[in-house]
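Data from data11.cif: mmCIF, C-alpha atoms
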data_run
loop_
_atom_site.label_atom_id
_atom_site.label_comp_id
_atom_site.auth_asym_id
_atom_site.auth_seq_id
_atom_site.Cartn_x
_atom_site.Cartn_y
_atom_site.Cartn_z
CA MET A 1171 16.76 -7.01 -10.66
CA SER A 1172 19.69 -5.19 -12.05
CA LEU A 1173 20.41 -1.55 -11.50
CA PRO A 1174 19.82 1.09 -12.55
CA TYR A 1175 16.07 1.08 -12.27
CA ARG A 1176 14.41 2.30 -15.44
CA LYS A 1177 10.76 1.53 -14.90
CA ILE A 1178 9.27 2.03 -11.50
CA LEU A 1179 5.69 0.96 -10.95
CA CYS A 1180 3.87 2.81 -8.21
CA PRO A 1181 0.28 1.75 -7.50
CA VAL A 1182 -1.64 4.53 -5.75
CA ASP A 1183 -4.95 4.81 -4.02
CA PHE A 1184 -5.23 8.59 -3.45
CA ASP A 1185 -4.66 8.30 0.29
CA GLU A 1186 -1.75 9.56 2.35
CA ASN A 1187 -0.04 6.15 2.40
CA SER A 1188 0.09 6.06 -1.36
CA ILE A 1189 1.50 9.55 -1.42
CA ALA A 1190 4.39 8.46 0.80
CA ALA A 1191 5.04 5.64 -1.68
CA LEU A 1192 4.80 8.00 -4.63
CA GLU A 1193 7.30 10.35 -3.05
CA ALA A 1194 9.71 7.48 -2.41
CA ALA A 1195 9.30 6.38 -6.03
CA ALA A 1196 9.96 9.95 -7.16
CA GLU A 1197 13.18 10.12 -5.17
CA ILE A 1198 14.47 6.90 -6.67
CA ALA A 1199 13.36 7.87 -10.16
CA ARG A 1200 15.18 11.17 -9.87
CA HIS A 1201 18.30 9.34 -8.83
CA PHE A 1202 18.23 6.81 -11.67
CA ASP A 1203 16.53 9.01 -14.24
CA ALA A 1204 13.75 6.44 -14.36
CA THR A 1205 10.13 6.61 -15.45
CA VAL A 1206 7.46 6.29 -12.78
CA HIS A 1207 4.38 4.41 -13.92
CA VAL A 1208 1.57 5.55 -11.67
CA LEU A 1209 -1.24 3.03 -11.55
CA HIS A 1210 -4.67 3.30 -10.06
CA THR A 1211 -7.06 0.40 -10.07
CA ILE A 1212 -10.78 0.94 -10.03
CA LEU A 1213 -12.34 -1.82 -8.06
CA LEU A 1214 -14.98 -3.54 -10.15
CA VAL A 1215 -17.83 -4.78 -8.07
CA ILE A 1216 -19.39 -6.93 -10.74
CA ALA A 1217 -19.97 -10.44 -9.59
CA PRO A 1218 -22.12 -12.80 -11.65
CA THR A 1219 -20.55 -13.78 -14.94
CA SER A 1220 -23.93 -13.99 -16.60
CA MET A 1221 -24.61 -10.32 -16.02
CA PRO A 1222 -23.75 -7.93 -18.84
CA VAL A 1223 -20.76 -5.82 -17.88
CA TYR A 1224 -21.63 -2.16 -18.05
CA VAL A 1225 -18.08 -0.97 -18.39
CA ASP A 1226 -19.43 2.35 -19.56
CA LEU A 1227 -20.81 2.90 -16.11
CA TYR A 1228 -17.29 3.29 -14.86
CA LYS A 1229 -16.25 5.72 -17.54
CA ALA A 1230 -16.93 8.71 -15.30
CA GLN A 1231 -14.97 7.13 -12.50
CA GLU A 1232 -12.12 6.35 -14.82
CA ASP A 1233 -12.02 9.94 -16.01
CA THR A 1234 -12.00 11.18 -12.44
CA ALA A 1235 -9.22 8.75 -11.51
CA ARG A 1236 -7.20 9.91 -14.52
CA ARG A 1237 -7.65 13.55 -13.52
CA ASN A 1238 -6.70 12.81 -9.94
CA LEU A 1239 -3.62 10.91 -11.08
CA GLN A 1240 -2.57 13.84 -13.28
CA GLU A 1241 -2.97 16.14 -10.33
CA LEU A 1242 -0.95 13.84 -8.05
CA ALA A 1243 1.76 13.54 -10.67
CA ARG A 1244 1.96 17.29 -11.11
CA LYS A 1245 2.28 17.72 -7.37
CA HIS A 1246 4.69 14.92 -6.53
CA LEU A 1247 6.51 14.03 -9.73
CA ALA A 1248 7.70 17.44 -10.86
CA GLY A 1249 10.59 17.08 -13.29
CA ILE A 1250 10.28 13.30 -13.47
CA LYS A 1251 9.21 11.19 -16.41
CA TYR A 1252 5.93 9.51 -15.64
CA GLU A 1253 3.11 7.54 -17.21
CA ILE A 1254 -0.41 7.27 -15.95
CA MET A 1255 -2.41 4.07 -16.01
CA VAL A 1256 -5.95 3.37 -14.88
CA ASN A 1257 -7.02 -0.26 -14.75
CA MET A 1258 -10.22 -1.87 -13.65
CA GLY A 1259 -10.56 -5.01 -11.65
CA GLU A 1260 -9.04 -6.51 -8.56
CA PRO A 1261 -6.11 -4.39 -7.27
CA ALA A 1262 -3.47 -7.08 -6.66
CA ALA A 1263 -4.11 -8.75 -10.01
CA SER A 1264 -4.07 -5.39 -11.73
CA ILE A 1265 -0.75 -4.44 -10.13
CA LEU A 1266 0.87 -7.75 -11.04
CA LYS A 1267 -0.43 -7.51 -14.59
CA ALA A 1268 0.98 -4.02 -14.92
CA GLU A 1269 4.30 -5.15 -13.46
CA ARG A 1270 4.66 -7.81 -16.13
CA GLY A 1271 3.12 -5.66 -18.83
CA ILE A 1272 5.52 -2.76 -18.55
CA GLY A 1273 8.43 -4.93 -17.43
CA ALA A 1274 8.83 -2.95 -14.24
CA ASP A 1275 12.13 -3.38 -12.48
CA LEU A 1276 11.00 -1.96 -9.20
CA LEU A 1277 7.62 -1.72 -7.51
CA VAL A 1278 7.07 0.88 -4.81
CA MET A 1279 3.90 0.69 -2.78
CA SER A 1280 2.39 1.41 0.58
CA THR A 1281 1.76 -1.48 2.92
CA HIS A 1282 -1.89 -0.80 3.39
CA GLY A 1283 -4.84 1.11 2.17
CA ARG A 1284 -6.93 3.12 4.53
CA ARG A 1285 -9.01 0.30 5.80
CA GLY A 1286 -6.40 -2.41 5.68
CA VAL A 1287 -4.63 -1.56 8.89
CA SER A 1288 -7.34 -2.55 11.25
CA ARG A 1289 -8.43 -5.67 9.47
CA PHE A 1290 -5.32 -7.33 8.13
CA PHE A 1291 -1.73 -7.51 9.16
CA LEU A 1292 -0.45 -6.21 5.92
CA GLY A 1293 -2.73 -4.78 3.34
CA SER A 1294 -4.04 -7.88 1.63
CA VAL A 1295 -3.12 -6.29 -1.67
CA ALA A 1296 0.44 -5.56 -0.55
CA GLU A 1297 0.84 -9.07 0.76
CA LEU A 1298 -0.27 -10.70 -2.48
CA VAL A 1299 1.95 -8.43 -4.50
CA LEU A 1300 4.94 -9.07 -2.23
CA ARG A 1301 4.44 -12.78 -2.68
CA GLU A 1302 3.90 -12.78 -6.42
CA ALA A 1303 5.88 -9.91 -7.87
CA ARG A 1304 8.86 -10.79 -10.04
CA CYS A 1305 10.71 -7.58 -9.41
CA PRO A 1306 11.91 -6.26 -6.06
CA VAL A 1307 9.17 -4.57 -4.10
CA MET A 1308 9.78 -1.60 -1.90
CA THR A 1309 7.13 -1.13 0.73
CA VAL A 1310 6.77 2.28 2.25
CA HIS A 1311 5.05 2.62 5.53
CA GLN A 1312 3.39 5.69 6.69
CA HIS A 1313 1.82 5.78 10.05
CA ALA A 1314 -1.65 4.45 9.80
CA PRO A 1315 -4.33 7.09 9.68
CA GLN A 1316 -5.51 7.61 13.19
CA LYS A 1317 -8.24 5.20 13.97
CA HIS A 1318 -10.65 7.68 15.44
CA LEU A 1319 -10.74 9.66 12.20
CA VAL A 1320 -13.01 9.25 9.21
CA GLY A 1321 -9.98 8.71 6.95
CA ALA A 1322 -9.30 5.34 8.56
CA TRP A 1323 -12.77 3.99 7.88
CA MET A 1324 -14.08 5.57 4.72
CA THR A 1325 -14.24 3.87 1.35
CA ALA A 1326 -11.80 5.72 -0.87
CA ASN A 1327 -12.76 6.64 -4.42
CA PRO A 1328 -16.40 5.68 -4.30
CA VAL A 1329 -18.44 5.08 -7.40
CA THR A 1330 -20.11 8.36 -8.34
CA ALA A 1331 -22.99 9.66 -10.45
CA GLN A 1332 -23.16 12.82 -12.56
CA ILE A 1333 -25.77 15.48 -11.97
CA ASP A 1334 -27.37 14.93 -15.40
CA GLU A 1335 -27.03 11.19 -15.35
CA LYS A 1336 -30.28 9.27 -15.73
CA LEU A 1337 -31.55 7.33 -12.76
CA SER A 1338 -31.53 4.14 -14.84
CA THR A 1339 -27.73 3.97 -14.98
CA ILE A 1340 -27.37 5.26 -11.43
CA HIS A 1341 -29.75 2.59 -10.21
CA ALA A 1342 -27.71 -0.05 -12.06
CA LYS A 1343 -24.52 1.17 -10.39
CA MET A 1344 -26.15 1.08 -6.97
CA LEU A 1345 -27.53 -2.40 -7.52
CA GLU A 1346 -24.23 -3.72 -8.77
CA GLY A 1347 -22.23 -2.33 -5.93
CA GLY A 1348 -24.89 -2.80 -3.29
CA PHE A 1349 -24.67 0.92 -2.43
CA ARG A 1350 -27.43 2.70 -0.59
CA ASN A 1351 -25.87 6.10 -1.26
CA ILE A 1352 -24.02 7.51 -4.21
CA PRO A 1353 -22.29 10.90 -4.35
CA VAL A 1354 -23.44 13.10 -7.23
CA LEU A 1355 -20.87 15.25 -9.00
CA ALA A 1356 -21.18 18.38 -11.09
CA ASP A 1357 -18.04 19.76 -12.73
CA GLY A 1358 -15.94 17.37 -10.69
CA ARG A 1359 -17.26 18.60 -7.35
CA VAL A 1360 -19.63 16.73 -5.12
CA VAL A 1361 -22.99 18.48 -4.98
CA ALA A 1362 -25.27 15.94 -3.34
CA MET A 1363 -25.71 12.50 -1.94
CA LEU A 1364 -28.37 10.49 -3.71
CA THR A 1365 -30.01 7.77 -1.65
CA GLU A 1366 -31.70 4.52 -2.53
CA GLY A 1367 -34.97 6.08 -1.37
CA ASP A 1368 -34.52 9.10 -3.67
CA VAL A 1369 -34.03 6.79 -6.61
CA ARG A 1370 -36.85 4.45 -5.69
CA SER A 1371 -39.41 7.22 -5.57
CA PHE A 1372 -39.02 7.54 -9.35
CA VAL A 1373 -39.64 3.88 -10.15
CA GLY A 1374 -41.02 3.63 -13.67
CA HIS A 1375 -39.44 6.93 -14.70
CA PHE A 1376 -35.78 6.02 -14.40
CA ASP A 1377 -35.07 6.64 -18.08
CA ASP A 1378 -36.31 10.20 -18.15
CA THR A 1379 -35.27 11.40 -14.71
CA PRO A 1380 -31.83 12.95 -14.21
CA ALA A 1381 -30.13 12.76 -10.82
CA LYS A 1382 -30.74 16.41 -10.07
CA ARG A 1383 -34.51 15.93 -9.95
CA ALA A 1384 -34.30 13.12 -7.43
CA ILE A 1385 -32.05 14.77 -4.87
CA THR A 1386 -33.78 15.40 -1.57
CA GLN A 1387 -31.01 15.79 0.98
CA ALA A 1388 -29.11 18.98 1.70
CA LEU A 1389 -25.41 18.28 1.18
CA VAL A 1390 -23.36 17.68 4.31
CA THR A 1391 -19.74 16.63 3.95
CA VAL A 1392 -16.95 15.65 6.31
CA GLY A 1393 -13.18 15.52 5.84
CA PRO A 1394 -10.76 12.60 6.34
CA GLN A 1395 -9.62 14.34 9.53
CA THR A 1396 -13.12 14.54 10.99
CA PRO A 1397 -13.48 12.33 14.06
CA ILE A 1398 -15.57 9.27 13.26
CA ARG A 1399 -17.82 10.07 16.25
CA GLU A 1400 -18.64 13.43 14.74
CA ALA A 1401 -19.54 11.82 11.41
CA ALA A 1402 -21.72 9.31 13.27
CA ARG A 1403 -23.43 12.13 15.15
CA ILE A 1404 -24.21 14.01 11.92
CA MET A 1405 -25.65 10.89 10.31
CA ARG A 1406 -27.79 10.11 13.37
CA GLU A 1407 -29.10 13.65 13.75
CA ARG A 1408 -29.97 14.03 10.11
CA LYS A 1409 -31.14 10.45 9.79
CA ILE A 1410 -28.86 9.82 6.84
CA ASP A 1411 -26.88 6.79 5.88
CA GLY A 1412 -23.76 8.13 4.26
CA LEU A 1413 -21.63 11.25 3.93
CA PRO A 1414 -19.24 12.26 1.16
CA VAL A 1415 -15.69 12.79 2.42
CA VAL A 1416 -14.14 15.85 0.84
CA GLU A 1417 -10.56 17.11 0.99
CA ASP A 1418 -9.36 20.29 -0.75
CA GLY A 1419 -12.70 20.49 -2.53
CA ARG A 1420 -12.22 17.04 -4.00
CA LEU A 1421 -14.29 13.94 -3.24
CA VAL A 1422 -11.94 11.42 -1.62
CA GLY A 1423 -14.33 8.92 -0.11
CA ILE A 1424 -17.63 8.05 1.42
CA ILE A 1425 -18.37 7.18 5.03
CA THR A 1426 -21.50 5.24 5.91
CA THR A 1427 -23.34 4.18 9.02
CA SER A 1428 -21.89 0.68 8.58
CA ASP A 1429 -18.38 2.16 8.61
CA ALA A 1430 -19.21 4.05 11.79
CA LEU A 1431 -20.51 0.85 13.35
CA ALA A 1432 -17.39 -0.99 12.26
CA ALA A 1433 -15.28 1.72 13.88
CA THR A 1434 -17.10 1.52 17.18
CA THR A 1435 -17.08 -2.26 17.33
CA SER A 1436 -13.44 -2.77 16.32
CA GLU A 1437 -11.16 -3.80 19.11
CA GLY A 1438 -8.10 -1.79 19.98
CA MET B 1068 21.87 14.95 -6.58
CA ALA B 1069 22.22 13.80 -3.00
CA ALA B 1070 22.17 10.09 -2.34
CA VAL B 1071 18.76 8.60 -1.83
CA PHE B 1072 19.89 6.16 0.82
CA SER B 1073 22.96 6.40 2.99
CA LYS B 1074 22.53 3.56 5.47
CA ILE B 1075 21.25 0.29 4.08
CA LEU B 1076 20.50 -2.58 6.43
CA CYS B 1077 20.70 -6.09 5.06
CA PRO B 1078 19.76 -8.84 7.50
CA ILE B 1079 21.73 -11.99 6.77
CA ASP B 1080 20.59 -15.47 7.71
CA PHE B 1081 23.25 -17.25 5.62
CA GLU B 1082 20.66 -18.57 3.16
CA HIS B 1083 20.25 -17.95 -0.55
CA ASP B 1084 17.45 -15.42 -0.22
CA SER B 1085 19.52 -13.18 1.94
CA MET B 1086 22.46 -13.47 -0.45
CA ASP B 1087 20.26 -12.23 -3.30
CA ALA B 1088 19.18 -9.35 -1.12
CA LEU B 1089 22.79 -8.65 -0.27
CA GLY B 1090 23.68 -8.43 -3.95
CA LEU B 1091 21.02 -5.81 -4.48
CA ALA B 1092 21.96 -3.96 -1.28
CA CYS B 1093 25.53 -3.88 -2.49
CA GLN B 1094 24.58 -2.42 -5.90
CA LEU B 1095 22.39 0.18 -4.26
CA ALA B 1096 25.11 1.04 -1.77
CA LYS B 1097 27.65 1.63 -4.51
CA GLN B 1098 25.22 3.70 -6.52
CA ASN B 1099 24.48 5.85 -3.48
CA SER B 1100 27.92 5.72 -1.82
CA ALA B 1101 26.05 4.26 1.11
CA THR B 1102 27.14 2.01 3.94
CA VAL B 1103 25.76 -1.52 4.13
CA TYR B 1104 24.88 -2.70 7.63
CA LEU B 1105 25.07 -6.47 7.87
CA LEU B 1106 23.09 -7.96 10.72
CA THR B 1107 22.75 -11.55 11.82
CA VAL B 1108 20.30 -12.35 14.55
CA ILE B 1109 21.06 -15.45 16.57
CA GLY B 1110 17.59 -16.83 17.00
CA ALA B 1111 15.43 -18.34 19.66
CA PRO B 1112 15.15 -22.14 19.94
CA PRO B 1113 12.93 -23.81 17.31
CA PRO B 1114 9.17 -23.97 17.94
CA ALA B 1115 9.38 -27.57 19.19
CA ALA B 1116 11.26 -26.30 22.19
CA ALA B 1117 8.52 -23.83 22.96
CA ALA B 1118 6.82 -26.41 25.13
CA LEU B 1119 9.75 -26.27 27.51
CA PRO B 1120 9.84 -23.65 30.21
CA PRO B 1121 11.09 -20.40 28.70
CA VAL B 1122 14.75 -19.69 29.14
CA ALA B 1123 16.24 -16.26 28.94
CA LEU B 1124 18.09 -15.98 25.68
CA ASN B 1125 21.51 -14.91 26.73
CA PRO B 1126 24.03 -13.73 24.21
CA ASN B 1127 26.64 -16.43 23.71
CA PRO B 1128 30.01 -14.81 23.07
CA GLU B 1129 31.29 -17.80 21.11
CA PHE B 1130 28.29 -17.88 18.77
CA GLU B 1131 28.50 -14.18 18.27
CA ALA B 1132 32.20 -14.28 17.48
CA ALA B 1133 31.56 -17.08 14.95
CA CYS B 1134 28.79 -15.09 13.29
CA ILE B 1135 30.94 -12.01 13.08
CA ARG B 1136 33.67 -14.04 11.38
CA ARG B 1137 31.15 -15.41 8.87
CA LEU B 1138 29.81 -11.95 8.17
CA GLU B 1139 33.32 -10.66 7.63
CA VAL B 1140 33.92 -13.36 5.05
CA ILE B 1141 30.63 -12.54 3.32
CA ALA B 1142 31.44 -8.85 3.34
CA ARG B 1143 34.81 -9.50 1.76
CA GLU B 1144 33.42 -11.80 -0.91
CA LYS B 1145 30.14 -10.12 -1.77
CA LEU B 1146 30.43 -6.45 -1.00
CA ALA B 1147 33.44 -5.88 -3.19
CA GLY B 1148 34.70 -2.85 -1.41
CA ALA B 1149 31.42 -1.16 -0.49
CA SER B 1150 31.64 0.42 2.92
CA HIS B 1151 30.02 -1.75 5.57
CA GLU B 1152 29.40 -2.36 9.25
CA ILE B 1153 28.80 -5.69 10.95
CA PHE B 1154 26.34 -6.38 13.74
CA VAL B 1155 25.28 -9.51 15.56
CA ALA B 1156 22.32 -9.60 17.91
CA THR B 1157 20.64 -12.31 19.93
CA GLY B 1158 16.85 -12.59 20.10
CA ASN B 1159 13.93 -12.57 17.70
CA ALA B 1160 14.87 -11.53 14.22
CA ALA B 1161 12.21 -8.97 13.37
CA PRO B 1162 12.41 -6.90 16.59
CA GLU B 1163 16.21 -6.98 16.45
CA ILE B 1164 16.14 -5.74 12.84
CA LEU B 1165 13.83 -2.92 13.84
CA ASN B 1166 15.95 -2.09 16.91
CA LEU B 1167 19.06 -1.73 14.82
CA THR B 1168 17.13 0.33 12.28
CA ALA B 1169 16.20 2.80 14.97
CA ALA B 1170 19.56 2.75 16.76
CA GLN B 1171 21.66 3.29 13.63
CA GLY B 1172 19.34 5.60 11.74
CA ILE B 1173 19.00 3.10 8.88
CA ASP B 1174 17.11 4.52 5.90
CA LEU B 1175 16.46 1.38 3.85
CA ILE B 1176 16.13 -2.31 4.68
CA VAL B 1177 16.81 -4.82 1.91
CA MET B 1178 15.77 -8.41 2.56
CA GLY B 1179 14.49 -11.63 1.00
CA THR B 1180 10.81 -12.40 1.42
CA HIS B 1181 11.45 -15.81 2.91
CA GLY B 1182 12.84 -16.10 6.36
CA ARG B 1183 14.25 -19.23 7.84
CA THR B 1184 10.86 -20.53 8.84
CA GLY B 1185 7.61 -20.90 6.98
CA LEU B 1186 6.45 -22.89 4.01
CA LYS B 1187 8.55 -21.91 1.10
CA HIS B 1188 6.77 -20.73 -2.03
CA PHE B 1189 3.63 -20.19 -0.04
CA LEU B 1190 4.07 -17.83 2.82
CA LEU B 1191 5.69 -14.53 2.97
CA GLY B 1192 8.50 -15.07 5.46
CA SER B 1193 7.22 -14.24 8.90
CA VAL B 1194 10.27 -12.13 9.61
CA ALA B 1195 9.86 -10.21 6.36
CA GLU B 1196 6.19 -9.73 7.01
CA HIS B 1197 6.80 -8.41 10.50
CA VAL B 1198 9.49 -6.04 9.28
CA VAL B 1199 7.42 -4.79 6.34
CA ARG B 1200 4.51 -4.16 8.67
CA GLN B 1201 6.44 -2.39 11.40
CA SER B 1202 9.37 -0.69 9.74
CA PRO B 1203 9.36 3.09 9.81
CA VAL B 1204 11.68 3.14 6.78
CA PRO B 1205 11.16 1.67 3.30
CA VAL B 1206 11.72 -2.07 3.00
CA LEU B 1207 12.89 -3.51 -0.29
CA THR B 1208 11.96 -7.16 -0.51
CA ILE B 1209 13.20 -9.61 -3.09
CA HIS B 1210 11.27 -12.66 -4.03
CA PRO B 1211 13.40 -15.72 -4.74
CA LYS B 1212 11.72 -15.99 -8.18
CA ALA B 1213 13.09 -12.56 -8.98
CA ALA B 1214 16.66 -13.54 -8.35
CA GLY B 1215 18.50 -13.59 -11.60
#

Using structure tokens, write down the structure from this file.
Amino acid sequence: MSLPYRKILCPVDFDENSIAALEAAAEIARHFDATVHVLHTILLVIAPTSMPVYVDLYKAQEDTARRNLQELARKHLAGIKYEIMVNMGEPAASILKAERGIGADLLVMSTHGRRGVSRFFLGSVAELVLREARCPVMTVHQHAPQKHLVGAWMTANPVTAQIDEKLSTIHAKMLEGGFRNIPVLADGRVVAMLTEGDVRSFVGHFDDTPAKRAITQALVTVGPQTPIREAARIMRERKIDGLPVVEDGRLVGIITTSDALAATTSEG
Amino acid sequence: MAAVFSKILCPIDFEHDSMDALGLACQLAKQNSATVYLLTVIGAPPPAAAALPPVALNPNPEFEAACIRRLEVIAREKLAGASHEIFVATGNAAPEILNLTAAQGIDLIVMGTHGRTGLKHFLLGSVAEHVVRQSPVPVLTIHPKAAG
């Protein structure tokens, strides 16, 4: 815990809270001429140990995360030494592993992810890290995203499919994660939402059907600043289950009917 | 380069955790030419007394004077010349820490993760948790394991 800080670990989640943390890390790094290690953890939703782990399935997501991290770093870490890391697994464990791995002497993080605020006191990730980290932890608080907005309820960084990806791998991703909708990307931009129904109508032909042939829905997107009621209205009117959340042309999350229900049934 | 932090609040409960935090606050203060704000909160009665009818917690001038003297000693011994201010408040620790943060325009809080209450090694101190959750400014927490 001695000064000056040389290695600052900053876990980010591509939401506005993480950006506040990243900016705080940048300020400190500038002061101490330190290196900021920017870490994003891709949540792995694989449960049973007996199942083969299709790590390749997450390759696209990893690439996207890496690109997004580069972009964040360019924007917020100008003139500062930085390293980018993408891990897979459970976020708190990943952060603690990175802390020990790089020998971080300061950890800067936000106190909650987008959804944490309403459900836990502290982000459960932040709390675990605070309890277990060996180095000092600086928590940066940014006012919680307003609860009537999509940003507060969406799932950030959803698992995605590529436009030319075969339905067989997409189906595996959906099964693994229990998703009923998966955003489809082409050249890094979201072009469609593929539903469970779309995929199922090609049963028996998964291996020779690319995503683009199965798409049936016209693309409708919302932004993190869209009121949750508006998103719910769109989903009800169009009888759809999930909407991609797009900000500055970039996919930042997915909002589903369950999220909308959660928003309307949450107290306070 | 302008200093990152200019007013650093370090709540002191006269236990080891807070002394570790103070050491770090002191280093940061020197590095930034910042002022360290030392705050001791004279607490409410222990939980066992909660069954009794609530009593207004009135500031006790004698207690406060004693705390100020202790803080002055700590400042002399531990801060080694860093500029500092001393505050004593009476009430619940977390709200008082946040009040002072707002009133003095504090820009960083440095504290241990274990408060006076709670199961050590298991819980995040309730005071630290409350402060981390509510603070508008960054909070730097130090785990006792980290203390070198």

Select all residues from chain B having any atom no more than 6 Å from an atom of chain A (counting all atoms listed in the file, ignoring ligands), output as a PDB file with C-alpha atoms, keeping the file's coordinate frame.
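Written file, out04.pdb:
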ATOM      1  CA  PRO B1205      11.160   1.670   3.300  1.00  0.00           C
ATOM      2  CA  VAL B1206      11.720  -2.070   3.000  1.00  0.00           C
ATOM      3  CA  LEU B1207      12.890  -3.510  -0.290  1.00  0.00           C
ATOM      4  CA  THR B1208      11.960  -7.160  -0.510  1.00  0.00           C
ATOM      5  CA  ILE B1209      13.200  -9.610  -3.090  1.00  0.00           C
ATOM      6  CA  ALA B1213      13.090 -12.560  -8.980  1.00  0.00           C
TER       7      ALA B1213
END

(Q) For the PyMOL selection byres ((chain A and resi 1426) around 9), applied here, can you spell out every residue it catches as JSON, numbers by chain? (A) {"A": [1324, 1325, 1351, 1401, 1402, 1405, 1410, 1411, 1412, 1413, 1414, 1424, 1425, 1427, 1428, 1429, 1430, 1431]}

Q.
Could you list, as a PyMOL selection string, every residue matched by the PyMOL selection byres ((chain A and resi 1178-1182) around 10) in this structure?
A. chain A and resi 1175-1177+1183-1196+1198-1199+1204-1211+1239+1242+1252-1256+1261-1262+1264-1266+1268-1269+1272-1280+1283+1305+1307-1308

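Here the PyMOL selection byres ((chain B and resi 1088) around 8) catches exactly these residues: Cys1077, Asp1084, Ser1085, Met1086, Asp1087, Leu1089, Gly1090, Leu1091, Ala1092, Val1177, Met1178, Gly1179, Thr1208 and Ile1209 of chain B.
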
Q: Compile the contact shell of Pro1397 (chain A) as number ranges by chain: residues with an atom at most 8 Å away, counting all atoms listed in the file, same-chain residues fewer than 2 positions apart removed.
A: A: 1318-1320, 1395, 1399-1401

Q. Neighbours of Gln1171 (chain B) within 12 Å (only C-alpha atoms; same-chain residues fewer than 2 positions away dropped), as a list of chain:residue names?
A.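 The contact residues come out as B:Ser1073, B:Lys1074, B:Ile1075, B:Leu1076, B:Thr1102, B:Val1103, B:Tyr1104, B:Leu1105, B:Leu1106, B:Glu1152, B:Ile1153, B:Phe1154, B:Glu1163, B:Ile1164, B:Leu1165, B:Asn1166, B:Leu1167, B:Thr1168, B:Ala1169, B:Ile1173, B:Asp1174, B:Leu1175, B:Ile1176.
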
Q: Provide the CA of Gln1387 (chain A) to CA of Met1363 (chain A) distance in Å, to one decimal place.
A: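 Separation of CA of Gln1387 (chain A) and CA of Met1363 (chain A): 6.9 Å.
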
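For the set A:Ala1243, A:Val1392, A:Gln1332, A:Lys1382, the residue with the smallest atom-to-atom gap to Glu1417 (chain A) is A:Val1392, counting only C-alpha atoms.
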
Place a sphere of radius 12 Å on (-37.6, 5.4, -0.8) in the file coordinates and name every protein, DNA or RNA residue with an atom inside or on its surface, counting all atoms listed in the file; give the answer as an mmCIF file with C-alpha atoms, in the coordinates of the input.
data_model
loop_
_atom_site.group_PDB
_atom_site.id
_atom_site.type_symbol
_atom_site.label_atom_id
_atom_site.label_comp_id
_atom_site.auth_asym_id
_atom_site.auth_seq_id
_atom_site.Cartn_x
_atom_site.Cartn_y
_atom_site.Cartn_z
ATOM 1 C CA ARG A 1350 -27.430 2.700 -0.590
ATOM 2 C CA ASN A 1351 -25.870 6.100 -1.260
ATOM 3 C CA LEU A 1364 -28.370 10.490 -3.710
ATOM 4 C CA THR A 1365 -30.010 7.770 -1.650
ATOM 5 C CA GLU A 1366 -31.700 4.520 -2.530
ATOM 6 C CA GLY A 1367 -34.970 6.080 -1.370
ATOM 7 C CA ASP A 1368 -34.520 9.100 -3.670
ATOM 8 C CA VAL A 1369 -34.030 6.790 -6.610
ATOM 9 C CA ARG A 1370 -36.850 4.450 -5.690
ATOM 10 C CA SER A 1371 -39.410 7.220 -5.570
ATOM 11 C CA PHE A 1372 -39.020 7.540 -9.350
ATOM 12 C CA VAL A 1373 -39.640 3.880 -10.150
ATOM 13 C CA ALA A 1384 -34.300 13.120 -7.430
ATOM 14 C CA ILE A 1385 -32.050 14.770 -4.870
ATOM 15 C CA THR A 1386 -33.780 15.400 -1.570
#
